[in-house]
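Colleague: My structure is stored as work36.txt, with compact mmCIF, N, CA and C atoms.
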```
# COMPACT_ATOMS: atom_id res chain seq x y z
N MET A 1 0.83 -1.19 0.00
CA MET A 1 0.00 0.00 0.00
C MET A 1 0.87 1.26 0.00
N GLU A 2 1.96 1.23 0.79
CA GLU A 2 2.86 2.37 0.85
C GLU A 2 3.55 2.60 -0.50
N ASN A 3 3.95 1.50 -1.17
CA ASN A 3 4.59 1.62 -2.49
C ASN A 3 3.64 2.25 -3.51
N GLU A 4 2.37 1.88 -3.43
CA GLU A 4 1.38 2.43 -4.35
C GLU A 4 1.21 3.93 -4.11
N LYS A 5 1.22 4.34 -2.83
CA LYS A 5 1.09 5.76 -2.51
C LYS A 5 2.29 6.54 -3.05
N GLN A 6 3.49 5.99 -2.89
CA GLN A 6 4.70 6.65 -3.39
C GLN A 6 4.67 6.75 -4.91
N ALA A 7 4.20 5.70 -5.57
CA ALA A 7 4.12 5.70 -7.03
C ALA A 7 3.15 6.77 -7.50
N ASN A 8 2.01 6.87 -6.81
CA ASN A 8 1.02 7.89 -7.19
C ASN A 8 1.55 9.30 -6.97
N GLU A 9 2.31 9.51 -5.89
CA GLU A 9 2.92 10.82 -5.65
C GLU A 9 3.93 11.16 -6.73
N LYS A 10 4.71 10.17 -7.16
CA LYS A 10 5.70 10.37 -8.20
C LYS A 10 5.01 10.75 -9.52
N ILE A 11 3.93 10.05 -9.85
CA ILE A 11 3.19 10.35 -11.08
C ILE A 11 2.55 11.72 -10.99
N SER A 12 1.99 12.06 -9.82
CA SER A 12 1.39 13.39 -9.66
C SER A 12 2.42 14.49 -9.86
N ALA A 13 3.62 14.30 -9.34
CA ALA A 13 4.68 15.28 -9.53
C ALA A 13 5.04 15.39 -11.00
N LEU A 14 5.11 14.28 -11.68
CA LEU A 14 5.41 14.27 -13.11
C LEU A 14 4.30 14.97 -13.89
N GLU A 15 3.05 14.77 -13.47
CA GLU A 15 1.93 15.44 -14.13
C GLU A 15 2.00 16.96 -13.94
N ARG A 16 2.41 17.39 -12.76
CA ARG A 16 2.57 18.84 -12.52
C ARG A 16 3.66 19.43 -13.40
N ILE A 17 4.77 18.72 -13.49
CA ILE A 17 5.86 19.17 -14.36
C ILE A 17 5.40 19.20 -15.81
N ALA A 18 4.66 18.19 -16.21
CA ALA A 18 4.16 18.14 -17.59
C ALA A 18 3.26 19.32 -17.89
N GLY A 19 2.43 19.72 -16.91
CA GLY A 19 1.56 20.88 -17.09
C GLY A 19 2.35 22.16 -17.28
N LYS A 20 3.41 22.32 -16.49
CA LYS A 20 4.26 23.51 -16.61
C LYS A 20 4.98 23.53 -17.96
N LEU A 21 5.48 22.38 -18.38
CA LEU A 21 6.18 22.32 -19.66
C LEU A 21 5.22 22.55 -20.83
N LEU A 22 4.01 22.02 -20.72
CA LEU A 22 3.04 22.21 -21.79
C LEU A 22 2.72 23.69 -21.97
N ALA A 23 2.65 24.43 -20.87
CA ALA A 23 2.41 25.87 -20.95
C ALA A 23 3.54 26.58 -21.70
N GLN A 24 4.70 25.94 -21.76
CA GLN A 24 5.84 26.50 -22.48
C GLN A 24 6.00 25.88 -23.87
N GLY A 25 5.02 25.07 -24.26
CA GLY A 25 5.05 24.48 -25.60
C GLY A 25 5.76 23.15 -25.71
N VAL A 26 6.10 22.51 -24.57
CA VAL A 26 6.77 21.22 -24.58
C VAL A 26 5.80 20.17 -24.04
N ASP A 27 5.43 19.23 -24.88
CA ASP A 27 4.45 18.21 -24.52
C ASP A 27 5.14 16.91 -24.13
N ILE A 28 5.08 16.54 -22.86
CA ILE A 28 5.64 15.26 -22.40
C ILE A 28 4.53 14.33 -21.93
N SER A 29 3.33 14.54 -22.43
CA SER A 29 2.19 13.71 -21.99
C SER A 29 2.42 12.24 -22.28
N SER A 30 3.14 11.91 -23.36
CA SER A 30 3.40 10.51 -23.65
C SER A 30 4.32 9.89 -22.60
N ILE A 31 5.22 10.69 -22.05
CA ILE A 31 6.10 10.20 -20.98
C ILE A 31 5.29 9.95 -19.71
N VAL A 32 4.35 10.84 -19.42
CA VAL A 32 3.49 10.65 -18.25
C VAL A 32 2.66 9.38 -18.43
N ALA A 33 2.10 9.21 -19.62
CA ALA A 33 1.28 8.02 -19.89
C ALA A 33 2.12 6.75 -19.76
N LEU A 34 3.35 6.79 -20.27
CA LEU A 34 4.24 5.63 -20.16
C LEU A 34 4.55 5.35 -18.70
N SER A 35 4.80 6.38 -17.93
CA SER A 35 5.10 6.20 -16.51
C SER A 35 3.94 5.51 -15.79
N LYS A 36 2.73 5.96 -16.07
CA LYS A 36 1.55 5.33 -15.46
C LYS A 36 1.43 3.88 -15.91
N TYR A 37 1.65 3.64 -17.18
CA TYR A 37 1.53 2.29 -17.73
C TYR A 37 2.56 1.36 -17.12
N LEU A 38 3.80 1.82 -17.02
CA LEU A 38 4.86 0.97 -16.49
C LEU A 38 4.73 0.75 -14.99
N ASP A 39 4.04 1.64 -14.30
CA ASP A 39 3.86 1.50 -12.87
C ASP A 39 2.82 0.43 -12.53
N ASP A 40 2.01 0.05 -13.49
CA ASP A 40 0.98 -0.95 -13.29
C ASP A 40 1.62 -2.32 -13.03
N ALA A 41 1.13 -3.05 -12.03
CA ALA A 41 1.71 -4.34 -11.67
C ALA A 41 1.59 -5.35 -12.81
N GLY A 42 0.49 -5.32 -13.53
CA GLY A 42 0.30 -6.23 -14.66
C GLY A 42 1.30 -5.98 -15.76
N THR A 43 1.60 -4.72 -16.00
CA THR A 43 2.59 -4.37 -17.02
C THR A 43 3.96 -4.85 -16.61
N ALA A 44 4.30 -4.67 -15.35
CA ALA A 44 5.60 -5.12 -14.86
C ALA A 44 5.76 -6.62 -15.06
N GLU A 45 4.72 -7.37 -14.79
CA GLU A 45 4.76 -8.81 -14.97
C GLU A 45 4.90 -9.17 -16.46
N LEU A 46 4.19 -8.44 -17.29
CA LEU A 46 4.27 -8.66 -18.74
C LEU A 46 5.68 -8.40 -19.25
N ILE A 47 6.32 -7.35 -18.79
CA ILE A 47 7.68 -7.03 -19.21
C ILE A 47 8.65 -8.13 -18.78
N ARG A 48 8.47 -8.62 -17.56
CA ARG A 48 9.37 -9.68 -17.08
C ARG A 48 9.26 -10.93 -17.93
N GLY A 49 8.06 -11.23 -18.42
CA GLY A 49 7.86 -12.46 -19.19
C GLY A 49 7.91 -12.28 -20.70
N ALA A 50 8.16 -11.06 -21.17
CA ALA A 50 8.12 -10.79 -22.61
C ALA A 50 9.32 -11.40 -23.33
N SER A 51 9.03 -11.97 -24.48
CA SER A 51 10.06 -12.47 -25.39
C SER A 51 9.45 -12.50 -26.78
N PHE A 52 10.24 -12.76 -27.78
CA PHE A 52 9.69 -12.84 -29.13
C PHE A 52 8.68 -13.99 -29.23
N ASP A 53 8.84 -15.00 -28.40
CA ASP A 53 7.92 -16.12 -28.44
C ASP A 53 6.57 -15.79 -27.83
N SER A 54 6.50 -14.77 -26.98
CA SER A 54 5.25 -14.49 -26.27
C SER A 54 4.61 -13.16 -26.66
N LEU A 55 5.06 -12.52 -27.73
CA LEU A 55 4.47 -11.24 -28.14
C LEU A 55 3.21 -11.49 -28.97
N GLU A 56 2.21 -11.99 -28.30
CA GLU A 56 0.93 -12.24 -28.95
C GLU A 56 -0.16 -11.72 -28.04
N GLY A 57 -1.22 -11.21 -28.63
CA GLY A 57 -2.34 -10.74 -27.83
C GLY A 57 -2.33 -9.24 -27.64
N GLN A 58 -3.45 -8.75 -27.14
CA GLN A 58 -3.65 -7.30 -26.99
C GLN A 58 -2.69 -6.68 -25.97
N ALA A 59 -2.45 -7.36 -24.87
CA ALA A 59 -1.58 -6.80 -23.83
C ALA A 59 -0.17 -6.60 -24.36
N GLU A 60 0.36 -7.58 -25.08
CA GLU A 60 1.70 -7.47 -25.63
C GLU A 60 1.77 -6.38 -26.69
N TYR A 61 0.71 -6.28 -27.50
CA TYR A 61 0.64 -5.24 -28.54
C TYR A 61 0.68 -3.86 -27.89
N GLU A 62 -0.10 -3.69 -26.81
CA GLU A 62 -0.12 -2.41 -26.09
C GLU A 62 1.24 -2.11 -25.45
N LEU A 63 1.89 -3.13 -24.94
CA LEU A 63 3.23 -2.95 -24.38
C LEU A 63 4.18 -2.41 -25.44
N MET A 64 4.15 -2.99 -26.62
CA MET A 64 5.03 -2.54 -27.69
C MET A 64 4.69 -1.11 -28.13
N GLU A 65 3.42 -0.74 -28.10
CA GLU A 65 3.02 0.64 -28.43
C GLU A 65 3.70 1.63 -27.49
N HIS A 66 3.78 1.27 -26.22
CA HIS A 66 4.39 2.16 -25.23
C HIS A 66 5.91 2.17 -25.30
N LEU A 67 6.49 1.04 -25.64
CA LEU A 67 7.94 0.95 -25.64
C LEU A 67 8.59 1.41 -26.94
N MET A 68 7.87 1.32 -28.05
CA MET A 68 8.47 1.61 -29.36
C MET A 68 9.18 2.96 -29.43
N PRO A 69 8.59 4.04 -28.92
CA PRO A 69 9.30 5.32 -29.03
C PRO A 69 10.63 5.36 -28.27
N LEU A 70 10.81 4.45 -27.35
CA LEU A 70 12.01 4.46 -26.52
C LEU A 70 13.12 3.54 -27.04
N LEU A 71 12.82 2.73 -28.04
CA LEU A 71 13.80 1.78 -28.54
C LEU A 71 14.82 2.46 -29.44
N ASP A 72 16.04 1.95 -29.41
CA ASP A 72 17.07 2.48 -30.30
C ASP A 72 16.90 1.86 -31.69
N GLU A 73 17.66 2.36 -32.65
CA GLU A 73 17.51 1.91 -34.04
C GLU A 73 17.81 0.42 -34.19
N LYS A 74 18.79 -0.07 -33.47
CA LYS A 74 19.14 -1.49 -33.55
C LYS A 74 17.96 -2.36 -33.11
N SER A 75 17.30 -1.96 -32.05
CA SER A 75 16.16 -2.72 -31.54
C SER A 75 14.99 -2.66 -32.52
N LYS A 76 14.73 -1.48 -33.08
CA LYS A 76 13.64 -1.35 -34.07
C LYS A 76 13.93 -2.21 -35.29
N THR A 77 15.18 -2.22 -35.72
CA THR A 77 15.55 -3.02 -36.88
C THR A 77 15.42 -4.51 -36.57
N ALA A 78 15.77 -4.90 -35.35
CA ALA A 78 15.62 -6.31 -34.95
C ALA A 78 14.15 -6.72 -34.97
N LEU A 79 13.28 -5.86 -34.45
CA LEU A 79 11.85 -6.17 -34.48
C LEU A 79 11.33 -6.22 -35.91
N PHE A 80 11.79 -5.29 -36.75
CA PHE A 80 11.40 -5.29 -38.15
C PHE A 80 11.81 -6.62 -38.80
N GLY A 81 13.01 -7.07 -38.51
CA GLY A 81 13.47 -8.36 -39.03
C GLY A 81 12.60 -9.51 -38.57
N LYS A 82 12.15 -9.46 -37.33
CA LYS A 82 11.27 -10.52 -36.81
C LYS A 82 9.94 -10.53 -37.56
N VAL A 83 9.45 -9.37 -37.94
CA VAL A 83 8.20 -9.30 -38.73
C VAL A 83 8.45 -9.90 -40.11
N ILE A 84 9.51 -9.51 -40.75
CA ILE A 84 9.83 -10.00 -42.10
C ILE A 84 10.03 -11.51 -42.10
N GLU A 85 10.66 -12.02 -41.04
CA GLU A 85 10.90 -13.47 -40.93
C GLU A 85 9.66 -14.24 -40.51
N GLY A 86 8.58 -13.53 -40.17
CA GLY A 86 7.34 -14.20 -39.78
C GLY A 86 7.28 -14.57 -38.31
N GLU A 87 8.26 -14.13 -37.53
CA GLU A 87 8.26 -14.44 -36.10
C GLU A 87 7.33 -13.52 -35.32
N LEU A 88 7.05 -12.34 -35.87
CA LEU A 88 6.07 -11.41 -35.30
C LEU A 88 5.02 -11.13 -36.36
N ASP A 89 3.80 -10.97 -35.94
CA ASP A 89 2.71 -10.65 -36.85
C ASP A 89 2.96 -9.31 -37.54
N TRP A 90 2.58 -9.20 -38.80
CA TRP A 90 2.84 -7.98 -39.56
C TRP A 90 2.14 -6.77 -38.97
N HIS A 91 1.11 -6.97 -38.17
CA HIS A 91 0.39 -5.85 -37.57
C HIS A 91 1.29 -5.01 -36.65
N TYR A 92 2.39 -5.60 -36.18
CA TYR A 92 3.35 -4.83 -35.39
C TYR A 92 3.95 -3.68 -36.20
N LEU A 93 3.93 -3.81 -37.53
CA LEU A 93 4.42 -2.71 -38.38
C LEU A 93 3.60 -1.45 -38.15
N LYS A 94 2.33 -1.61 -37.80
CA LYS A 94 1.48 -0.44 -37.55
C LYS A 94 1.99 0.36 -36.36
N ILE A 95 2.51 -0.32 -35.37
CA ILE A 95 3.09 0.36 -34.21
C ILE A 95 4.42 0.97 -34.59
N MET A 96 5.18 0.24 -35.36
CA MET A 96 6.54 0.62 -35.68
C MET A 96 6.65 1.75 -36.70
N MET A 97 5.71 1.84 -37.61
CA MET A 97 5.85 2.71 -38.77
C MET A 97 6.20 4.17 -38.45
N PRO A 98 5.60 4.80 -37.45
CA PRO A 98 5.99 6.18 -37.19
C PRO A 98 7.48 6.34 -36.84
N TYR A 99 8.12 5.25 -36.45
CA TYR A 99 9.51 5.30 -36.02
C TYR A 99 10.47 4.67 -37.03
N ILE A 100 9.90 4.06 -38.08
CA ILE A 100 10.74 3.41 -39.11
C ILE A 100 10.28 3.79 -40.51
N THR A 101 9.84 5.01 -40.69
CA THR A 101 9.32 5.42 -42.01
C THR A 101 10.34 5.17 -43.12
N TYR A 102 11.60 5.21 -42.79
CA TYR A 102 12.67 4.98 -43.77
C TYR A 102 12.69 3.54 -44.28
N LEU A 103 11.93 2.64 -43.68
CA LEU A 103 11.90 1.24 -44.11
C LEU A 103 10.69 0.92 -45.00
N GLY A 104 9.98 1.95 -45.45
CA GLY A 104 8.81 1.73 -46.31
C GLY A 104 9.14 0.93 -47.55
N THR A 105 10.25 1.25 -48.19
CA THR A 105 10.66 0.52 -49.40
C THR A 105 10.96 -0.94 -49.08
N GLN A 106 11.57 -1.20 -47.92
CA GLN A 106 11.86 -2.58 -47.54
C GLN A 106 10.57 -3.35 -47.26
N ILE A 107 9.57 -2.68 -46.73
CA ILE A 107 8.27 -3.33 -46.50
C ILE A 107 7.67 -3.74 -47.84
N GLU A 108 7.71 -2.84 -48.81
CA GLU A 108 7.19 -3.16 -50.14
C GLU A 108 7.98 -4.30 -50.77
N ALA A 109 9.30 -4.28 -50.62
CA ALA A 109 10.14 -5.35 -51.16
C ALA A 109 9.81 -6.69 -50.50
N ALA A 110 9.55 -6.66 -49.21
CA ALA A 110 9.19 -7.90 -48.50
C ALA A 110 7.87 -8.46 -49.03
N TYR A 111 6.95 -7.58 -49.39
CA TYR A 111 5.70 -8.03 -49.99
C TYR A 111 5.98 -8.68 -51.35
N VAL A 112 6.78 -8.01 -52.18
CA VAL A 112 7.10 -8.54 -53.50
C VAL A 112 7.77 -9.91 -53.39
N ASP A 113 8.62 -10.08 -52.37
CA ASP A 113 9.31 -11.36 -52.15
C ASP A 113 8.40 -12.41 -51.52
N GLY A 114 7.19 -12.03 -51.15
CA GLY A 114 6.25 -12.99 -50.56
C GLY A 114 6.37 -13.14 -49.06
N ALA A 115 7.15 -12.28 -48.41
CA ALA A 115 7.32 -12.38 -46.96
C ALA A 115 6.17 -11.74 -46.19
N LEU A 116 5.44 -10.84 -46.85
CA LEU A 116 4.32 -10.15 -46.20
C LEU A 116 3.07 -10.26 -47.08
N PRO A 117 1.89 -10.28 -46.47
CA PRO A 117 0.65 -10.39 -47.26
C PRO A 117 0.29 -9.06 -47.94
N ARG A 118 -0.60 -9.13 -48.90
CA ARG A 118 -1.03 -7.95 -49.65
C ARG A 118 -1.62 -6.88 -48.73
N GLU A 119 -2.24 -7.29 -47.65
CA GLU A 119 -2.82 -6.34 -46.69
C GLU A 119 -1.81 -5.28 -46.25
N VAL A 120 -0.54 -5.68 -46.18
CA VAL A 120 0.51 -4.76 -45.74
C VAL A 120 0.63 -3.59 -46.70
N THR A 121 0.63 -3.87 -48.00
CA THR A 121 0.78 -2.78 -48.97
C THR A 121 -0.45 -1.88 -48.97
N GLU A 122 -1.63 -2.46 -48.78
CA GLU A 122 -2.85 -1.65 -48.70
C GLU A 122 -2.79 -0.74 -47.48
N TRP A 123 -2.38 -1.30 -46.35
CA TRP A 123 -2.26 -0.50 -45.13
C TRP A 123 -1.19 0.58 -45.29
N LEU A 124 -0.05 0.21 -45.89
CA LEU A 124 1.04 1.15 -46.08
C LEU A 124 0.61 2.32 -46.97
N HIS A 125 -0.14 2.01 -48.02
CA HIS A 125 -0.64 3.07 -48.90
C HIS A 125 -1.55 4.03 -48.13
N GLU A 126 -2.46 3.47 -47.32
CA GLU A 126 -3.37 4.31 -46.52
C GLU A 126 -2.59 5.15 -45.50
N ALA A 127 -1.60 4.55 -44.86
CA ALA A 127 -0.79 5.27 -43.87
C ALA A 127 -0.02 6.40 -44.54
N ASN A 128 0.54 6.12 -45.69
CA ASN A 128 1.28 7.16 -46.42
C ASN A 128 0.35 8.28 -46.88
N ALA A 129 -0.85 7.92 -47.33
CA ALA A 129 -1.81 8.93 -47.77
C ALA A 129 -2.17 9.86 -46.61
N GLU A 130 -2.36 9.31 -45.42
CA GLU A 130 -2.65 10.13 -44.24
C GLU A 130 -1.48 11.04 -43.90
N ALA A 131 -0.27 10.50 -43.98
CA ALA A 131 0.93 11.30 -43.68
C ALA A 131 1.08 12.43 -44.68
N TRP A 132 0.84 12.14 -45.95
CA TRP A 132 0.94 13.19 -46.98
C TRP A 132 -0.11 14.26 -46.77
N LYS A 133 -1.31 13.83 -46.39
CA LYS A 133 -2.39 14.79 -46.14
C LYS A 133 -1.99 15.74 -45.01
N ARG A 134 -1.47 15.18 -43.90
CA ARG A 134 -1.03 16.01 -42.78
C ARG A 134 0.09 16.95 -43.20
N TRP A 135 1.00 16.46 -44.04
CA TRP A 135 2.13 17.26 -44.51
C TRP A 135 1.62 18.45 -45.32
N TYR A 136 0.68 18.21 -46.22
CA TYR A 136 0.12 19.28 -47.03
C TYR A 136 -0.65 20.28 -46.18
N GLU A 137 -1.37 19.78 -45.17
CA GLU A 137 -2.11 20.67 -44.27
C GLU A 137 -1.14 21.57 -43.50
N ASP A 138 0.00 21.00 -43.07
CA ASP A 138 0.99 21.79 -42.35
C ASP A 138 1.58 22.89 -43.25
N ILE A 139 1.78 22.57 -44.51
CA ILE A 139 2.32 23.56 -45.45
C ILE A 139 1.33 24.71 -45.66
N GLU A 140 0.05 24.36 -45.76
CA GLU A 140 -0.97 25.37 -46.00
C GLU A 140 -1.16 26.30 -44.81
N ASN A 141 -0.89 25.81 -43.62
CA ASN A 141 -1.09 26.63 -42.41
C ASN A 141 0.10 27.39 -42.06
```
Can you dump the structure from the file as structure tokens?
Modeller:
Amino acid sequence: MENEKQANEKISALERIAGKLLAQGVDISSIVALSKYLDDAGTAELIRGASFDSLEGQAEYELMEHLMPLLDEKSKTALFGKVIEGELDWHYLKIMMPYITYLGTQIEAAYVDGALPREVTEWLHEANAEAWKRWYEDIEN
């Protein structure tokens, strides 16, 4: 009970700092969200048991969503390789794409080689169309 109280105080302090930074134009809300997520006992247990063999299901998918922004390039490339090799479901590319946009051509090549299903190229086209739309909107504003 005492540990939970300390964790909540730590998160509250982080939330206060985040509010002050946001007023200055710096958004760390994703860090606050990650802190809350990682403080959860279920998440801690999931991290302890996580491996490439057990990254299946909604909980593992959500874990990767939270961790992806924090991974280095080597780790992202390793996960990308696991998707291409069929060890991870291709849907993990949806989490990874904002952080590996430079691998779009490799994703298309993997489809041509038969390593990924056609759904990947359809999703990639839609994701790129959304990114281009946002880019054009930013230019207009």
Colleague: How many Å lie between CA of Glu137 in chain A and CA of His125 in chain A, rounded to one decimal?
Modeller: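 Here the two named atoms are 18.3 Å from each other.
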Colleague: Taking only C-alpha atoms into account, name the residue in A:Leu93, A:Val83, A:Ile139, A:Tyr99 that is nearest to Leu71 in chain A.
Modeller: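 Smallest distance to Leu71 in chain A is found for A:Tyr99.
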Colleague: Which residues are close to Met96 in chain A, i.e. within 8 Å by only N, CA and C atoms, leaving aside same-chain residues fewer than 4 positions away? Reply as a list in words.
Modeller: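 Skipping anything fewer than 4 positions along the chain leaves Met64, Glu65, Met68, Pro69, Lys76, Phe80, His91, Tyr92, Ile100 and Thr101 of chain A.
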Colleague: For range 104-109 of chain A, work out the shell of residues within 8 Å, counting all atoms listed in the file and skipping chain neighbours fewer than 4 positions away, then give it as a list in words.
Modeller: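 Near neighbours after the sequence-gap exclusion: Met97, Ile100, Asp113, Gly114, Ala115, Leu116, Val120, Thr121 and Leu124 of chain A.
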Colleague: Could you dump the residues just selected with N, CA and C atoms as a PDB file, keeping the file's coordinate frame?
Modeller:
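New file part_16.pdb:
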```pdb
ATOM      1  N   MET A  97       5.710   1.840 -37.610  1.00  0.00           N
ATOM      2  CA  MET A  97       5.850   2.710 -38.770  1.00  0.00           C
ATOM      3  C   MET A  97       6.200   4.170 -38.450  1.00  0.00           C
ATOM      4  N   ILE A 100       9.900   4.060 -38.080  1.00  0.00           N
ATOM      5  CA  ILE A 100      10.740   3.410 -39.110  1.00  0.00           C
ATOM      6  C   ILE A 100      10.280   3.790 -40.510  1.00  0.00           C
ATOM      7  N   ASP A 113       8.620 -10.080 -52.370  1.00  0.00           N
ATOM      8  CA  ASP A 113       9.310 -11.360 -52.150  1.00  0.00           C
ATOM      9  C   ASP A 113       8.400 -12.410 -51.520  1.00  0.00           C
ATOM     10  N   GLY A 114       7.190 -12.030 -51.150  1.00  0.00           N
ATOM     11  CA  GLY A 114       6.250 -12.990 -50.560  1.00  0.00           C
ATOM     12  C   GLY A 114       6.370 -13.140 -49.060  1.00  0.00           C
ATOM     13  N   ALA A 115       7.150 -12.280 -48.410  1.00  0.00           N
ATOM     14  CA  ALA A 115       7.320 -12.380 -46.960  1.00  0.00           C
ATOM     15  C   ALA A 115       6.170 -11.740 -46.190  1.00  0.00           C
ATOM     16  N   LEU A 116       5.440 -10.840 -46.850  1.00  0.00           N
ATOM     17  CA  LEU A 116       4.320 -10.150 -46.200  1.00  0.00           C
ATOM     18  C   LEU A 116       3.070 -10.260 -47.080  1.00  0.00           C
ATOM     19  N   VAL A 120      -0.540  -5.680 -46.180  1.00  0.00           N
ATOM     20  CA  VAL A 120       0.510  -4.760 -45.740  1.00  0.00           C
ATOM     21  C   VAL A 120       0.630  -3.590 -46.700  1.00  0.00           C
ATOM     22  N   THR A 121       0.630  -3.870 -48.000  1.00  0.00           N
ATOM     23  CA  THR A 121       0.780  -2.780 -48.970  1.00  0.00           C
ATOM     24  C   THR A 121      -0.450  -1.880 -48.970  1.00  0.00           C
ATOM     25  N   LEU A 124      -0.050   0.210 -45.890  1.00  0.00           N
ATOM     26  CA  LEU A 124       1.040   1.150 -46.080  1.00  0.00           C
ATOM     27  C   LEU A 124       0.610   2.320 -46.970  1.00  0.00           C
TER      28      LEU A 124
END
```
Colleague: Could you give me the residues within range 86-141 of chain A that DSSP places in helix (DSSP H, G or I), as a compact mmCIF listing (two decimals) with N, CA and C atoms, in the coordinates of the input?
Modeller:
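File produced: result.txt:
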```
# COMPACT_ATOMS: atom_id res chain seq x y z
N TYR A 92 2.39 -5.60 -36.18
CA TYR A 92 3.35 -4.83 -35.39
C TYR A 92 3.95 -3.68 -36.20
N LEU A 93 3.93 -3.81 -37.53
CA LEU A 93 4.42 -2.71 -38.38
C LEU A 93 3.60 -1.45 -38.15
N LYS A 94 2.33 -1.61 -37.80
CA LYS A 94 1.48 -0.44 -37.55
C LYS A 94 1.99 0.36 -36.36
N ILE A 95 2.51 -0.32 -35.37
CA ILE A 95 3.09 0.36 -34.21
C ILE A 95 4.42 0.97 -34.59
N MET A 96 5.18 0.24 -35.36
CA MET A 96 6.54 0.62 -35.68
C MET A 96 6.65 1.75 -36.70
N MET A 97 5.71 1.84 -37.61
CA MET A 97 5.85 2.71 -38.77
C MET A 97 6.20 4.17 -38.45
N PRO A 98 5.60 4.80 -37.45
CA PRO A 98 5.99 6.18 -37.19
C PRO A 98 7.48 6.34 -36.84
N TYR A 99 8.12 5.25 -36.45
CA TYR A 99 9.51 5.30 -36.02
C TYR A 99 10.47 4.67 -37.03
N THR A 101 9.84 5.01 -40.69
CA THR A 101 9.32 5.42 -42.01
C THR A 101 10.34 5.17 -43.12
N TYR A 102 11.60 5.21 -42.79
CA TYR A 102 12.67 4.98 -43.77
C TYR A 102 12.69 3.54 -44.28
N LEU A 103 11.93 2.64 -43.68
CA LEU A 103 11.90 1.24 -44.11
C LEU A 103 10.69 0.92 -45.00
N GLY A 104 9.98 1.95 -45.45
CA GLY A 104 8.81 1.73 -46.31
C GLY A 104 9.14 0.93 -47.55
N THR A 105 10.25 1.25 -48.19
CA THR A 105 10.66 0.52 -49.40
C THR A 105 10.96 -0.94 -49.08
N GLN A 106 11.57 -1.20 -47.92
CA GLN A 106 11.86 -2.58 -47.54
C GLN A 106 10.57 -3.35 -47.26
N ILE A 107 9.57 -2.68 -46.73
CA ILE A 107 8.27 -3.33 -46.50
C ILE A 107 7.67 -3.74 -47.84
N GLU A 108 7.71 -2.84 -48.81
CA GLU A 108 7.19 -3.16 -50.14
C GLU A 108 7.98 -4.30 -50.77
N ALA A 109 9.30 -4.28 -50.62
CA ALA A 109 10.14 -5.35 -51.16
C ALA A 109 9.81 -6.69 -50.50
N ALA A 110 9.55 -6.66 -49.21
CA ALA A 110 9.19 -7.90 -48.50
C ALA A 110 7.87 -8.46 -49.03
N TYR A 111 6.95 -7.58 -49.39
CA TYR A 111 5.70 -8.03 -49.99
C TYR A 111 5.98 -8.68 -51.35
N VAL A 112 6.78 -8.01 -52.18
CA VAL A 112 7.10 -8.54 -53.50
C VAL A 112 7.77 -9.91 -53.39
N ARG A 118 -0.60 -9.13 -48.90
CA ARG A 118 -1.03 -7.95 -49.65
C ARG A 118 -1.62 -6.88 -48.73
N GLU A 119 -2.24 -7.29 -47.65
CA GLU A 119 -2.82 -6.34 -46.69
C GLU A 119 -1.81 -5.28 -46.25
N VAL A 120 -0.54 -5.68 -46.18
CA VAL A 120 0.51 -4.76 -45.74
C VAL A 120 0.63 -3.59 -46.70
N THR A 121 0.63 -3.87 -48.00
CA THR A 121 0.78 -2.78 -48.97
C THR A 121 -0.45 -1.88 -48.97
N GLU A 122 -1.63 -2.46 -48.78
CA GLU A 122 -2.85 -1.65 -48.70
C GLU A 122 -2.79 -0.74 -47.48
N TRP A 123 -2.38 -1.30 -46.35
CA TRP A 123 -2.26 -0.50 -45.13
C TRP A 123 -1.19 0.58 -45.29
N LEU A 124 -0.05 0.21 -45.89
CA LEU A 124 1.04 1.15 -46.08
C LEU A 124 0.61 2.32 -46.97
N HIS A 125 -0.14 2.01 -48.02
CA HIS A 125 -0.64 3.07 -48.90
C HIS A 125 -1.55 4.03 -48.13
N GLU A 126 -2.46 3.47 -47.32
CA GLU A 126 -3.37 4.31 -46.52
C GLU A 126 -2.59 5.15 -45.50
N ALA A 127 -1.60 4.55 -44.86
CA ALA A 127 -0.79 5.27 -43.87
C ALA A 127 -0.02 6.40 -44.54
N ASN A 128 0.54 6.12 -45.69
CA ASN A 128 1.28 7.16 -46.42
C ASN A 128 0.35 8.28 -46.88
N ALA A 129 -0.85 7.92 -47.33
CA ALA A 129 -1.81 8.93 -47.77
C ALA A 129 -2.17 9.86 -46.61
N GLU A 130 -2.36 9.31 -45.42
CA GLU A 130 -2.65 10.13 -44.24
C GLU A 130 -1.48 11.04 -43.90
N ALA A 131 -0.27 10.50 -43.98
CA ALA A 131 0.93 11.30 -43.68
C ALA A 131 1.08 12.43 -44.68
N TRP A 132 0.84 12.14 -45.95
CA TRP A 132 0.94 13.19 -46.98
C TRP A 132 -0.11 14.26 -46.77
N LYS A 133 -1.31 13.83 -46.39
CA LYS A 133 -2.39 14.79 -46.14
C LYS A 133 -1.99 15.74 -45.01
N ARG A 134 -1.47 15.18 -43.90
CA ARG A 134 -1.03 16.01 -42.78
C ARG A 134 0.09 16.95 -43.20
N TRP A 135 1.00 16.46 -44.04
CA TRP A 135 2.13 17.26 -44.51
C TRP A 135 1.62 18.45 -45.32
N TYR A 136 0.68 18.21 -46.22
CA TYR A 136 0.12 19.28 -47.03
C TYR A 136 -0.65 20.28 -46.18
N GLU A 137 -1.37 19.78 -45.17
CA GLU A 137 -2.11 20.67 -44.27
C GLU A 137 -1.14 21.57 -43.50
N ASP A 138 0.00 21.00 -43.07
CA ASP A 138 0.99 21.79 -42.35
C ASP A 138 1.58 22.89 -43.25
N ILE A 139 1.78 22.57 -44.51
CA ILE A 139 2.32 23.56 -45.45
C ILE A 139 1.33 24.71 -45.66
N GLU A 140 0.05 24.36 -45.76
CA GLU A 140 -0.97 25.37 -46.00
C GLU A 140 -1.16 26.30 -44.81
```
Colleague: By how many Å are CA of Trp123 in chain A and CA of Lys74 in chain A apart?
Modeller: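 Taking CA of Trp123 in chain A as the start and CA of Lys74 in chain A as the end point, the length is 24.4 Å.
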